[in-house]
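Text of the file work-v4.txt, holding compact mmCIF, N, CA, C and O atoms:
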# COMPACT_ATOMS: atom_id res chain seq x y z
N MET A 1 9.12 -15.37 -29.11
CA MET A 1 8.48 -15.75 -27.87
C MET A 1 8.77 -14.69 -26.80
O MET A 1 9.91 -14.30 -26.62
N ILE A 2 7.75 -14.26 -26.10
CA ILE A 2 7.92 -13.23 -25.08
C ILE A 2 8.36 -13.85 -23.75
O ILE A 2 9.31 -13.38 -23.13
N PHE A 3 7.67 -14.91 -23.31
CA PHE A 3 7.96 -15.56 -22.04
C PHE A 3 8.49 -16.97 -22.27
O PHE A 3 8.25 -17.57 -23.31
N LYS A 4 9.16 -17.50 -21.26
CA LYS A 4 9.67 -18.87 -21.34
C LYS A 4 8.52 -19.87 -21.42
O LYS A 4 8.58 -20.84 -22.16
N ASP A 5 7.47 -19.60 -20.62
CA ASP A 5 6.31 -20.51 -20.60
C ASP A 5 5.12 -19.77 -20.00
O ASP A 5 5.29 -18.75 -19.33
N VAL A 6 3.94 -20.28 -20.24
CA VAL A 6 2.71 -19.73 -19.68
C VAL A 6 2.03 -20.84 -18.90
O VAL A 6 1.73 -21.89 -19.44
N ARG A 7 1.82 -20.59 -17.61
CA ARG A 7 1.18 -21.57 -16.73
C ARG A 7 -0.09 -20.98 -16.16
O ARG A 7 -0.31 -19.77 -16.21
N ASP A 8 -0.88 -21.82 -15.55
CA ASP A 8 -2.10 -21.37 -14.88
C ASP A 8 -1.97 -21.71 -13.40
O ASP A 8 -2.19 -22.85 -13.00
N GLY A 9 -1.56 -20.74 -12.60
CA GLY A 9 -1.41 -20.95 -11.18
C GLY A 9 0.05 -20.97 -10.76
O GLY A 9 0.96 -21.07 -11.58
N ARG A 10 0.22 -20.86 -9.45
CA ARG A 10 1.56 -20.80 -8.86
C ARG A 10 1.97 -22.19 -8.40
O ARG A 10 1.32 -22.77 -7.53
N PRO A 11 3.06 -22.74 -8.93
CA PRO A 11 3.49 -24.08 -8.51
C PRO A 11 4.28 -24.07 -7.21
O PRO A 11 4.49 -25.11 -6.61
N TYR A 12 4.71 -22.92 -6.76
CA TYR A 12 5.55 -22.79 -5.57
C TYR A 12 4.67 -22.59 -4.34
O TYR A 12 3.52 -22.18 -4.43
N PRO A 13 5.24 -22.85 -3.15
CA PRO A 13 4.45 -22.69 -1.91
C PRO A 13 4.14 -21.21 -1.63
O PRO A 13 4.86 -20.32 -2.08
N ASP A 14 3.09 -20.98 -0.87
CA ASP A 14 2.71 -19.62 -0.50
C ASP A 14 3.83 -19.01 0.34
O ASP A 14 4.27 -19.59 1.32
N HIS A 15 4.25 -17.82 -0.04
CA HIS A 15 5.35 -17.16 0.67
C HIS A 15 4.83 -16.16 1.69
O HIS A 15 5.54 -15.78 2.61
N GLY A 16 3.62 -15.68 1.56
CA GLY A 16 3.01 -14.79 2.53
C GLY A 16 3.61 -13.39 2.61
O GLY A 16 3.40 -12.70 3.60
N LEU A 17 4.34 -12.95 1.59
CA LEU A 17 4.93 -11.61 1.62
C LEU A 17 3.86 -10.54 1.47
O LEU A 17 2.98 -10.66 0.63
N SER A 18 3.98 -9.51 2.28
CA SER A 18 3.07 -8.36 2.17
C SER A 18 3.61 -7.40 1.12
O SER A 18 4.76 -7.52 0.68
N THR A 19 2.81 -6.42 0.76
CA THR A 19 3.23 -5.39 -0.19
C THR A 19 4.46 -4.66 0.35
O THR A 19 5.40 -4.38 -0.40
N ARG A 20 4.46 -4.37 1.62
CA ARG A 20 5.60 -3.68 2.24
C ARG A 20 6.87 -4.53 2.17
O ARG A 20 7.96 -4.03 1.91
N GLU A 21 6.74 -5.84 2.39
CA GLU A 21 7.91 -6.73 2.31
C GLU A 21 8.43 -6.83 0.88
O GLU A 21 9.64 -6.85 0.66
N TRP A 22 7.54 -6.87 -0.10
CA TRP A 22 7.96 -6.88 -1.50
C TRP A 22 8.75 -5.61 -1.81
O TRP A 22 9.75 -5.63 -2.53
N ALA A 23 8.30 -4.48 -1.27
CA ALA A 23 8.94 -3.19 -1.56
C ALA A 23 10.38 -3.14 -1.05
O ALA A 23 11.18 -2.34 -1.54
N ARG A 24 10.73 -3.98 -0.10
CA ARG A 24 12.11 -4.02 0.43
C ARG A 24 13.07 -4.76 -0.49
O ARG A 24 14.28 -4.68 -0.31
N ILE A 25 12.55 -5.51 -1.43
CA ILE A 25 13.40 -6.26 -2.36
C ILE A 25 13.79 -5.34 -3.52
O ILE A 25 12.92 -4.83 -4.22
N PRO A 26 15.09 -5.11 -3.72
CA PRO A 26 15.49 -4.22 -4.81
C PRO A 26 15.22 -4.88 -6.17
O PRO A 26 15.43 -6.08 -6.34
N PRO A 27 14.75 -4.10 -7.14
CA PRO A 27 14.51 -4.67 -8.47
C PRO A 27 15.81 -5.01 -9.18
O PRO A 27 16.84 -4.37 -8.95
N ARG A 28 15.74 -6.05 -10.00
CA ARG A 28 16.88 -6.48 -10.82
C ARG A 28 16.43 -6.62 -12.26
O ARG A 28 15.25 -6.85 -12.54
N LYS A 29 17.37 -6.50 -13.16
CA LYS A 29 17.07 -6.68 -14.58
C LYS A 29 16.93 -8.16 -14.90
O LYS A 29 17.75 -8.98 -14.48
N VAL A 30 15.87 -8.49 -15.64
CA VAL A 30 15.60 -9.87 -16.04
C VAL A 30 15.17 -9.87 -17.50
O VAL A 30 14.39 -9.01 -17.92
N ARG A 31 15.65 -10.85 -18.24
CA ARG A 31 15.17 -11.02 -19.62
C ARG A 31 13.77 -11.62 -19.55
O ARG A 31 13.53 -12.57 -18.80
N MET A 32 12.85 -11.08 -20.31
CA MET A 32 11.47 -11.57 -20.26
C MET A 32 11.36 -13.03 -20.69
O MET A 32 10.49 -13.74 -20.20
N ASP A 33 12.25 -13.47 -21.57
CA ASP A 33 12.16 -14.86 -22.02
C ASP A 33 12.68 -15.86 -20.97
O ASP A 33 12.69 -17.05 -21.20
N GLU A 34 13.07 -15.36 -19.79
CA GLU A 34 13.42 -16.23 -18.66
C GLU A 34 12.25 -16.42 -17.71
O GLU A 34 12.32 -17.25 -16.81
N LEU A 35 11.20 -15.64 -17.88
CA LEU A 35 10.05 -15.65 -16.97
C LEU A 35 8.98 -16.65 -17.39
O LEU A 35 8.69 -16.79 -18.58
N ILE A 36 8.40 -17.30 -16.40
CA ILE A 36 7.24 -18.17 -16.61
C ILE A 36 6.06 -17.46 -15.97
O ILE A 36 6.10 -17.14 -14.79
N THR A 37 5.03 -17.21 -16.73
CA THR A 37 3.87 -16.52 -16.17
C THR A 37 3.02 -17.50 -15.35
O THR A 37 3.02 -18.70 -15.61
N THR A 38 2.32 -16.96 -14.36
CA THR A 38 1.45 -17.79 -13.53
C THR A 38 -0.02 -17.50 -13.82
O THR A 38 -0.90 -17.95 -13.10
N LYS A 39 -0.26 -16.73 -14.87
CA LYS A 39 -1.64 -16.40 -15.27
C LYS A 39 -1.79 -16.63 -16.77
O LYS A 39 -0.99 -16.19 -17.56
N ARG A 40 -2.86 -17.33 -17.13
CA ARG A 40 -3.14 -17.59 -18.54
C ARG A 40 -4.06 -16.52 -19.13
O ARG A 40 -4.08 -16.30 -20.33
N GLU A 41 -4.83 -15.87 -18.27
CA GLU A 41 -5.82 -14.91 -18.72
C GLU A 41 -5.26 -13.49 -18.68
O GLU A 41 -4.53 -13.12 -17.78
N LEU A 42 -5.64 -12.70 -19.67
CA LEU A 42 -5.20 -11.32 -19.77
C LEU A 42 -6.42 -10.42 -19.85
O LEU A 42 -7.34 -10.70 -20.60
N ARG A 43 -6.41 -9.36 -19.06
CA ARG A 43 -7.50 -8.38 -19.12
C ARG A 43 -7.04 -7.24 -20.03
O ARG A 43 -6.13 -6.49 -19.67
N LEU A 44 -7.66 -7.12 -21.18
CA LEU A 44 -7.25 -6.11 -22.15
C LEU A 44 -7.39 -4.71 -21.58
O LEU A 44 -6.54 -3.85 -21.83
N ASP A 45 -8.42 -4.45 -20.77
CA ASP A 45 -8.58 -3.11 -20.19
C ASP A 45 -7.41 -2.77 -19.28
O ASP A 45 -6.94 -1.63 -19.25
N ALA A 46 -6.88 -3.74 -18.54
CA ALA A 46 -5.73 -3.49 -17.68
C ALA A 46 -4.46 -3.29 -18.50
O ALA A 46 -3.60 -2.48 -18.14
N LEU A 47 -4.35 -4.01 -19.60
CA LEU A 47 -3.18 -3.85 -20.47
C LEU A 47 -3.11 -2.45 -21.05
O LEU A 47 -2.04 -1.85 -21.14
N LEU A 48 -4.25 -1.91 -21.41
CA LEU A 48 -4.29 -0.60 -22.07
C LEU A 48 -4.38 0.57 -21.09
O LEU A 48 -4.26 1.72 -21.51
N ASP A 49 -4.56 0.30 -19.81
CA ASP A 49 -4.71 1.35 -18.81
C ASP A 49 -3.35 1.94 -18.43
O ASP A 49 -2.51 1.26 -17.85
N GLU A 50 -3.13 3.20 -18.74
CA GLU A 50 -1.86 3.86 -18.43
C GLU A 50 -1.70 4.07 -16.93
O GLU A 50 -0.60 4.28 -16.44
N GLN A 51 -2.78 4.06 -16.17
CA GLN A 51 -2.74 4.30 -14.72
C GLN A 51 -2.74 2.99 -13.92
O GLN A 51 -2.93 3.02 -12.71
N SER A 52 -2.49 1.86 -14.56
CA SER A 52 -2.66 0.58 -13.87
C SER A 52 -1.72 0.39 -12.69
O SER A 52 -2.00 -0.41 -11.80
N THR A 53 -0.58 1.07 -12.63
CA THR A 53 0.32 0.92 -11.48
C THR A 53 0.22 2.10 -10.53
O THR A 53 1.04 2.23 -9.62
N PHE A 54 -0.78 2.94 -10.69
CA PHE A 54 -0.90 4.14 -9.88
C PHE A 54 -0.93 3.82 -8.38
O PHE A 54 -0.29 4.47 -7.58
N TYR A 55 -1.66 2.78 -8.00
CA TYR A 55 -1.77 2.41 -6.59
C TYR A 55 -0.92 1.20 -6.22
O TYR A 55 -0.91 0.77 -5.09
N GLY A 56 -0.20 0.65 -7.17
CA GLY A 56 0.58 -0.55 -6.90
C GLY A 56 2.07 -0.31 -7.05
O GLY A 56 2.54 0.82 -7.16
N ASP A 57 2.80 -1.39 -7.08
CA ASP A 57 4.24 -1.36 -7.22
C ASP A 57 4.58 -1.09 -8.69
O ASP A 57 3.94 -1.63 -9.59
N LEU A 58 5.59 -0.29 -8.93
CA LEU A 58 6.03 -0.04 -10.30
C LEU A 58 6.70 -1.26 -10.91
O LEU A 58 6.73 -1.41 -12.12
N PHE A 59 7.25 -2.12 -10.05
CA PHE A 59 8.01 -3.25 -10.55
C PHE A 59 7.22 -4.55 -10.40
O PHE A 59 6.62 -4.80 -9.35
N PRO A 60 7.25 -5.40 -11.43
CA PRO A 60 6.62 -6.71 -11.31
C PRO A 60 7.31 -7.55 -10.23
O PRO A 60 8.46 -7.29 -9.86
N HIS A 61 6.59 -8.56 -9.75
CA HIS A 61 7.11 -9.47 -8.72
C HIS A 61 7.30 -10.85 -9.33
O HIS A 61 6.41 -11.35 -10.03
N ALA A 62 8.45 -11.45 -9.04
CA ALA A 62 8.73 -12.80 -9.51
C ALA A 62 9.24 -13.63 -8.34
O ALA A 62 9.80 -13.10 -7.37
N VAL A 63 9.05 -14.93 -8.45
CA VAL A 63 9.50 -15.88 -7.43
C VAL A 63 10.44 -16.87 -8.08
O VAL A 63 10.10 -17.49 -9.10
N HIS A 64 11.65 -16.99 -7.50
CA HIS A 64 12.61 -17.98 -7.97
C HIS A 64 12.40 -19.24 -7.14
O HIS A 64 12.53 -19.23 -5.92
N TRP A 65 12.01 -20.32 -7.81
CA TRP A 65 11.70 -21.56 -7.10
C TRP A 65 12.12 -22.74 -7.97
O TRP A 65 11.77 -22.81 -9.16
N GLN A 66 12.87 -23.65 -7.39
CA GLN A 66 13.36 -24.85 -8.07
C GLN A 66 14.03 -24.50 -9.40
O GLN A 66 13.80 -25.15 -10.42
N GLY A 67 14.83 -23.44 -9.38
CA GLY A 67 15.61 -23.07 -10.56
C GLY A 67 14.84 -22.32 -11.64
O GLY A 67 15.41 -21.99 -12.68
N GLN A 68 13.56 -22.06 -11.42
CA GLN A 68 12.74 -21.36 -12.40
C GLN A 68 12.32 -19.99 -11.85
O GLN A 68 12.23 -19.81 -10.64
N LEU A 69 12.02 -19.07 -12.74
CA LEU A 69 11.62 -17.73 -12.36
C LEU A 69 10.17 -17.51 -12.79
O LEU A 69 9.86 -17.46 -13.98
N TYR A 70 9.26 -17.41 -11.80
CA TYR A 70 7.82 -17.29 -12.04
C TYR A 70 7.36 -15.85 -11.85
O TYR A 70 7.59 -15.27 -10.78
N LEU A 71 6.72 -15.30 -12.85
CA LEU A 71 6.16 -13.95 -12.77
C LEU A 71 4.84 -14.02 -12.02
O LEU A 71 3.84 -14.50 -12.54
N GLU A 72 4.85 -13.57 -10.77
CA GLU A 72 3.67 -13.66 -9.91
C GLU A 72 2.73 -12.48 -10.12
O GLU A 72 1.51 -12.62 -10.12
N ASP A 73 3.29 -11.29 -10.25
CA ASP A 73 2.49 -10.08 -10.38
C ASP A 73 3.19 -9.17 -11.38
O ASP A 73 4.40 -8.99 -11.30
N GLY A 74 2.44 -8.60 -12.31
CA GLY A 74 3.03 -7.68 -13.28
C GLY A 74 2.94 -8.15 -14.72
O GLY A 74 3.66 -7.65 -15.57
N LEU A 75 2.05 -9.10 -14.99
CA LEU A 75 1.91 -9.60 -16.36
C LEU A 75 1.59 -8.48 -17.33
O LEU A 75 2.18 -8.39 -18.41
N HIS A 76 0.68 -7.59 -16.97
CA HIS A 76 0.29 -6.51 -17.88
C HIS A 76 1.44 -5.53 -18.09
O HIS A 76 1.66 -5.07 -19.21
N ARG A 77 2.21 -5.25 -17.04
CA ARG A 77 3.38 -4.37 -17.19
C ARG A 77 4.41 -5.01 -18.10
O ARG A 77 5.02 -4.34 -18.94
N ALA A 78 4.62 -6.30 -17.95
CA ALA A 78 5.59 -7.01 -18.80
C ALA A 78 5.14 -6.99 -20.26
O ALA A 78 5.95 -6.75 -21.16
N LEU A 79 3.87 -7.22 -20.50
CA LEU A 79 3.38 -7.22 -21.88
C LEU A 79 3.45 -5.83 -22.50
O LEU A 79 3.77 -5.69 -23.69
N ARG A 80 3.17 -4.79 -21.72
CA ARG A 80 3.33 -3.43 -22.24
C ARG A 80 4.77 -3.17 -22.66
O ARG A 80 5.04 -2.58 -23.70
N SER A 81 5.71 -3.65 -21.87
CA SER A 81 7.13 -3.51 -22.21
C SER A 81 7.45 -4.27 -23.49
O SER A 81 8.17 -3.78 -24.36
N ALA A 82 6.91 -5.48 -23.61
CA ALA A 82 7.15 -6.27 -24.82
C ALA A 82 6.57 -5.58 -26.06
O ALA A 82 7.20 -5.60 -27.13
N LEU A 83 5.41 -4.97 -25.92
CA LEU A 83 4.81 -4.25 -27.05
C LEU A 83 5.65 -3.04 -27.46
O LEU A 83 5.56 -2.58 -28.60
N GLN A 84 6.48 -2.56 -26.55
CA GLN A 84 7.39 -1.45 -26.85
C GLN A 84 8.76 -1.96 -27.28
O GLN A 84 9.74 -1.23 -27.26
N GLN A 85 8.84 -3.23 -27.65
CA GLN A 85 10.05 -3.88 -28.16
C GLN A 85 11.16 -4.01 -27.10
O GLN A 85 12.33 -4.09 -27.45
N ARG A 86 10.80 -4.02 -25.84
CA ARG A 86 11.78 -4.21 -24.77
C ARG A 86 11.87 -5.69 -24.43
O ARG A 86 10.86 -6.38 -24.39
N THR A 87 13.06 -6.16 -24.17
CA THR A 87 13.26 -7.56 -23.81
C THR A 87 13.72 -7.72 -22.36
O THR A 87 13.75 -8.83 -21.84
N ILE A 88 14.09 -6.61 -21.73
CA ILE A 88 14.55 -6.61 -20.34
C ILE A 88 13.52 -5.91 -19.47
O ILE A 88 12.93 -4.91 -19.86
N LEU A 89 13.32 -6.43 -18.28
CA LEU A 89 12.34 -5.90 -17.35
C LEU A 89 12.99 -5.79 -15.96
O LEU A 89 13.76 -6.65 -15.57
N HIS A 90 12.70 -4.73 -15.24
CA HIS A 90 13.15 -4.61 -13.85
C HIS A 90 12.10 -5.29 -12.97
O HIS A 90 10.92 -4.91 -13.01
N VAL A 91 12.53 -6.28 -12.20
CA VAL A 91 11.61 -7.14 -11.44
C VAL A 91 12.14 -7.31 -10.01
O VAL A 91 13.34 -7.45 -9.80
N ARG A 92 11.23 -7.32 -9.05
CA ARG A 92 11.59 -7.69 -7.67
C ARG A 92 11.51 -9.22 -7.60
O ARG A 92 10.48 -9.81 -7.96
N ILE A 93 12.59 -9.85 -7.17
CA ILE A 93 12.65 -11.32 -7.16
C ILE A 93 12.79 -11.85 -5.74
O ILE A 93 13.73 -11.51 -5.03
N LEU A 94 11.85 -12.69 -5.35
CA LEU A 94 11.91 -13.40 -4.09
C LEU A 94 12.51 -14.78 -4.37
O LEU A 94 11.97 -15.54 -5.17
N ASP A 95 13.63 -15.10 -3.73
CA ASP A 95 14.32 -16.37 -3.98
C ASP A 95 13.92 -17.39 -2.93
O ASP A 95 14.49 -17.44 -1.84
N LEU A 96 12.93 -18.21 -3.25
CA LEU A 96 12.50 -19.26 -2.32
C LEU A 96 13.51 -20.39 -2.25
O LEU A 96 13.54 -21.14 -1.27
N ASP A 97 14.36 -20.52 -3.27
CA ASP A 97 15.40 -21.55 -3.24
C ASP A 97 16.44 -21.25 -2.16
O ASP A 97 17.10 -22.16 -1.67
N ALA A 98 16.57 -19.99 -1.77
CA ALA A 98 17.56 -19.59 -0.76
C ALA A 98 17.04 -19.78 0.66
O ALA A 98 17.79 -19.64 1.61
N ARG A 99 15.76 -20.10 0.81
CA ARG A 99 15.17 -20.26 2.15
C ARG A 99 15.59 -21.61 2.74
O ARG A 99 15.41 -22.65 2.11
N PRO A 100 16.12 -21.60 3.95
CA PRO A 100 16.44 -22.88 4.59
C PRO A 100 15.15 -23.63 4.93
O PRO A 100 14.12 -23.01 5.17
N PRO A 101 15.17 -24.95 4.93
CA PRO A 101 13.97 -25.73 5.24
C PRO A 101 13.36 -25.28 6.57
O PRO A 101 14.04 -25.26 7.59
N GLY A 102 12.10 -24.88 6.54
CA GLY A 102 11.40 -24.44 7.73
C GLY A 102 11.77 -23.05 8.20
O GLY A 102 11.28 -22.58 9.19
N GLY A 103 12.68 -22.41 7.46
CA GLY A 103 13.14 -21.08 7.86
C GLY A 103 12.28 -19.97 7.29
O GLY A 103 11.33 -20.22 6.55
N PRO A 104 12.62 -18.74 7.65
CA PRO A 104 11.84 -17.59 7.16
C PRO A 104 12.06 -17.36 5.68
O PRO A 104 13.06 -17.80 5.10
N VAL A 105 11.12 -16.69 5.08
CA VAL A 105 11.22 -16.35 3.66
C VAL A 105 12.28 -15.28 3.49
O VAL A 105 12.22 -14.25 4.16
N PRO A 106 13.30 -15.49 2.63
CA PRO A 106 14.31 -14.47 2.43
C PRO A 106 13.72 -13.27 1.72
O PRO A 106 12.81 -13.38 0.91
N SER A 107 14.21 -12.07 2.02
CA SER A 107 13.64 -10.85 1.43
C SER A 107 14.54 -10.24 0.38
O SER A 107 14.28 -9.18 -0.12
N SER A 108 15.64 -10.83 0.05
CA SER A 108 16.48 -10.32 -1.04
C SER A 108 17.35 -11.40 -1.61
O SER A 108 17.48 -12.44 -1.09

Written as structure tokens, that's how I'd like the structure from this file.
Amino acid sequence: MIFKDVRDGRPYPDHGLSTREWARIPPRKVRMDELITTKRELRLDALLDEQSTFYGDLFPHAVHWQGQLYLEDGLHRALRSALQQRTILHVRILDLDARPPGGPVPSS
């Protein structure tokens, strides 16, 4: 099994982070079998495109919410790593569990 689970959609609240705010979160190593995907559909052309991160973040984005780790962005990068027999992925993780009720979204 590559991922812990495959879901369709994000079960966590909208965090509103911009690309610049995501870039401030340092990447951490995560086992892929701890991630729950938020997309059921895969675009084969994006999976096979070597330039797919040319204009985006090199690191996938995940959200920690209610004790679970959801892969929000980077499904194709994660699958490419899995096809190369890698089980660990460097991921930027936003911890929504650390946010105080009604408080700002934590950035690390």

| message | Please list, as number ranges by chain, the residues that have an atom at most 12 Å away from (6.2, -6.5, -22.0) in the coordinates of this file, counting only C-alpha atoms. | response | A: 1-3, 30-33, 35, 37, 47, 60, 71, 74-91

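Between atom CA of Gly16 of chain A and atom O of Asp73 of chain A lies a distance of 15.1 Å.
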
| task | Kindly extract all protein, DNA and RNA residues lying within 7 Å of the coordinates (-3.5, -18.2, -9.9) given in the file, considering all atoms listed in the file, and supply them as a PyMOL selection string. | result | chain A and resi 8-10+38-39

Save the residues we just selected, N, CA, C and O atoms, as a PDB file, in the coordinates of the input?
ATOM      1  N   ASP A   8      -0.880 -21.820 -15.550  1.00  0.00           N
ATOM      2  CA  ASP A   8      -2.100 -21.370 -14.880  1.00  0.00           C
ATOM      3  C   ASP A   8      -1.970 -21.710 -13.400  1.00  0.00           C
ATOM      4  O   ASP A   8      -2.190 -22.850 -13.000  1.00  0.00           O
ATOM      5  N   GLY A   9      -1.560 -20.740 -12.600  1.00  0.00           N
ATOM      6  CA  GLY A   9      -1.410 -20.950 -11.180  1.00  0.00           C
ATOM      7  C   GLY A   9       0.050 -20.970 -10.760  1.00  0.00           C
ATOM      8  O   GLY A   9       0.960 -21.070 -11.580  1.00  0.00           O
ATOM      9  N   ARG A  10       0.220 -20.860  -9.450  1.00  0.00           N
ATOM     10  CA  ARG A  10       1.560 -20.800  -8.860  1.00  0.00           C
ATOM     11  C   ARG A  10       1.970 -22.190  -8.400  1.00  0.00           C
ATOM     12  O   ARG A  10       1.320 -22.770  -7.530  1.00  0.00           O
ATOM     13  N   THR A  38       2.320 -16.960 -14.360  1.00  0.00           N
ATOM     14  CA  THR A  38       1.450 -17.790 -13.530  1.00  0.00           C
ATOM     15  C   THR A  38      -0.020 -17.500 -13.820  1.00  0.00           C
ATOM     16  O   THR A  38      -0.900 -17.950 -13.100  1.00  0.00           O
ATOM     17  N   LYS A  39      -0.260 -16.730 -14.870  1.00  0.00           N
ATOM     18  CA  LYS A  39      -1.640 -16.400 -15.270  1.00  0.00           C
ATOM     19  C   LYS A  39      -1.790 -16.630 -16.770  1.00  0.00           C
ATOM     20  O   LYS A  39      -0.990 -16.190 -17.560  1.00  0.00           O
TER      21      LYS A  39
END

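Atom CA of Val63 of chain A sits 14.2 Å away from atom CA of Thr19 of chain A.
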
| said: For a test of reading the model, state the distance in Å between atom C of Ile36 of chain A and atom C of Asp5 of chain A, rounded to one decimal. | reply: 4.7 Å
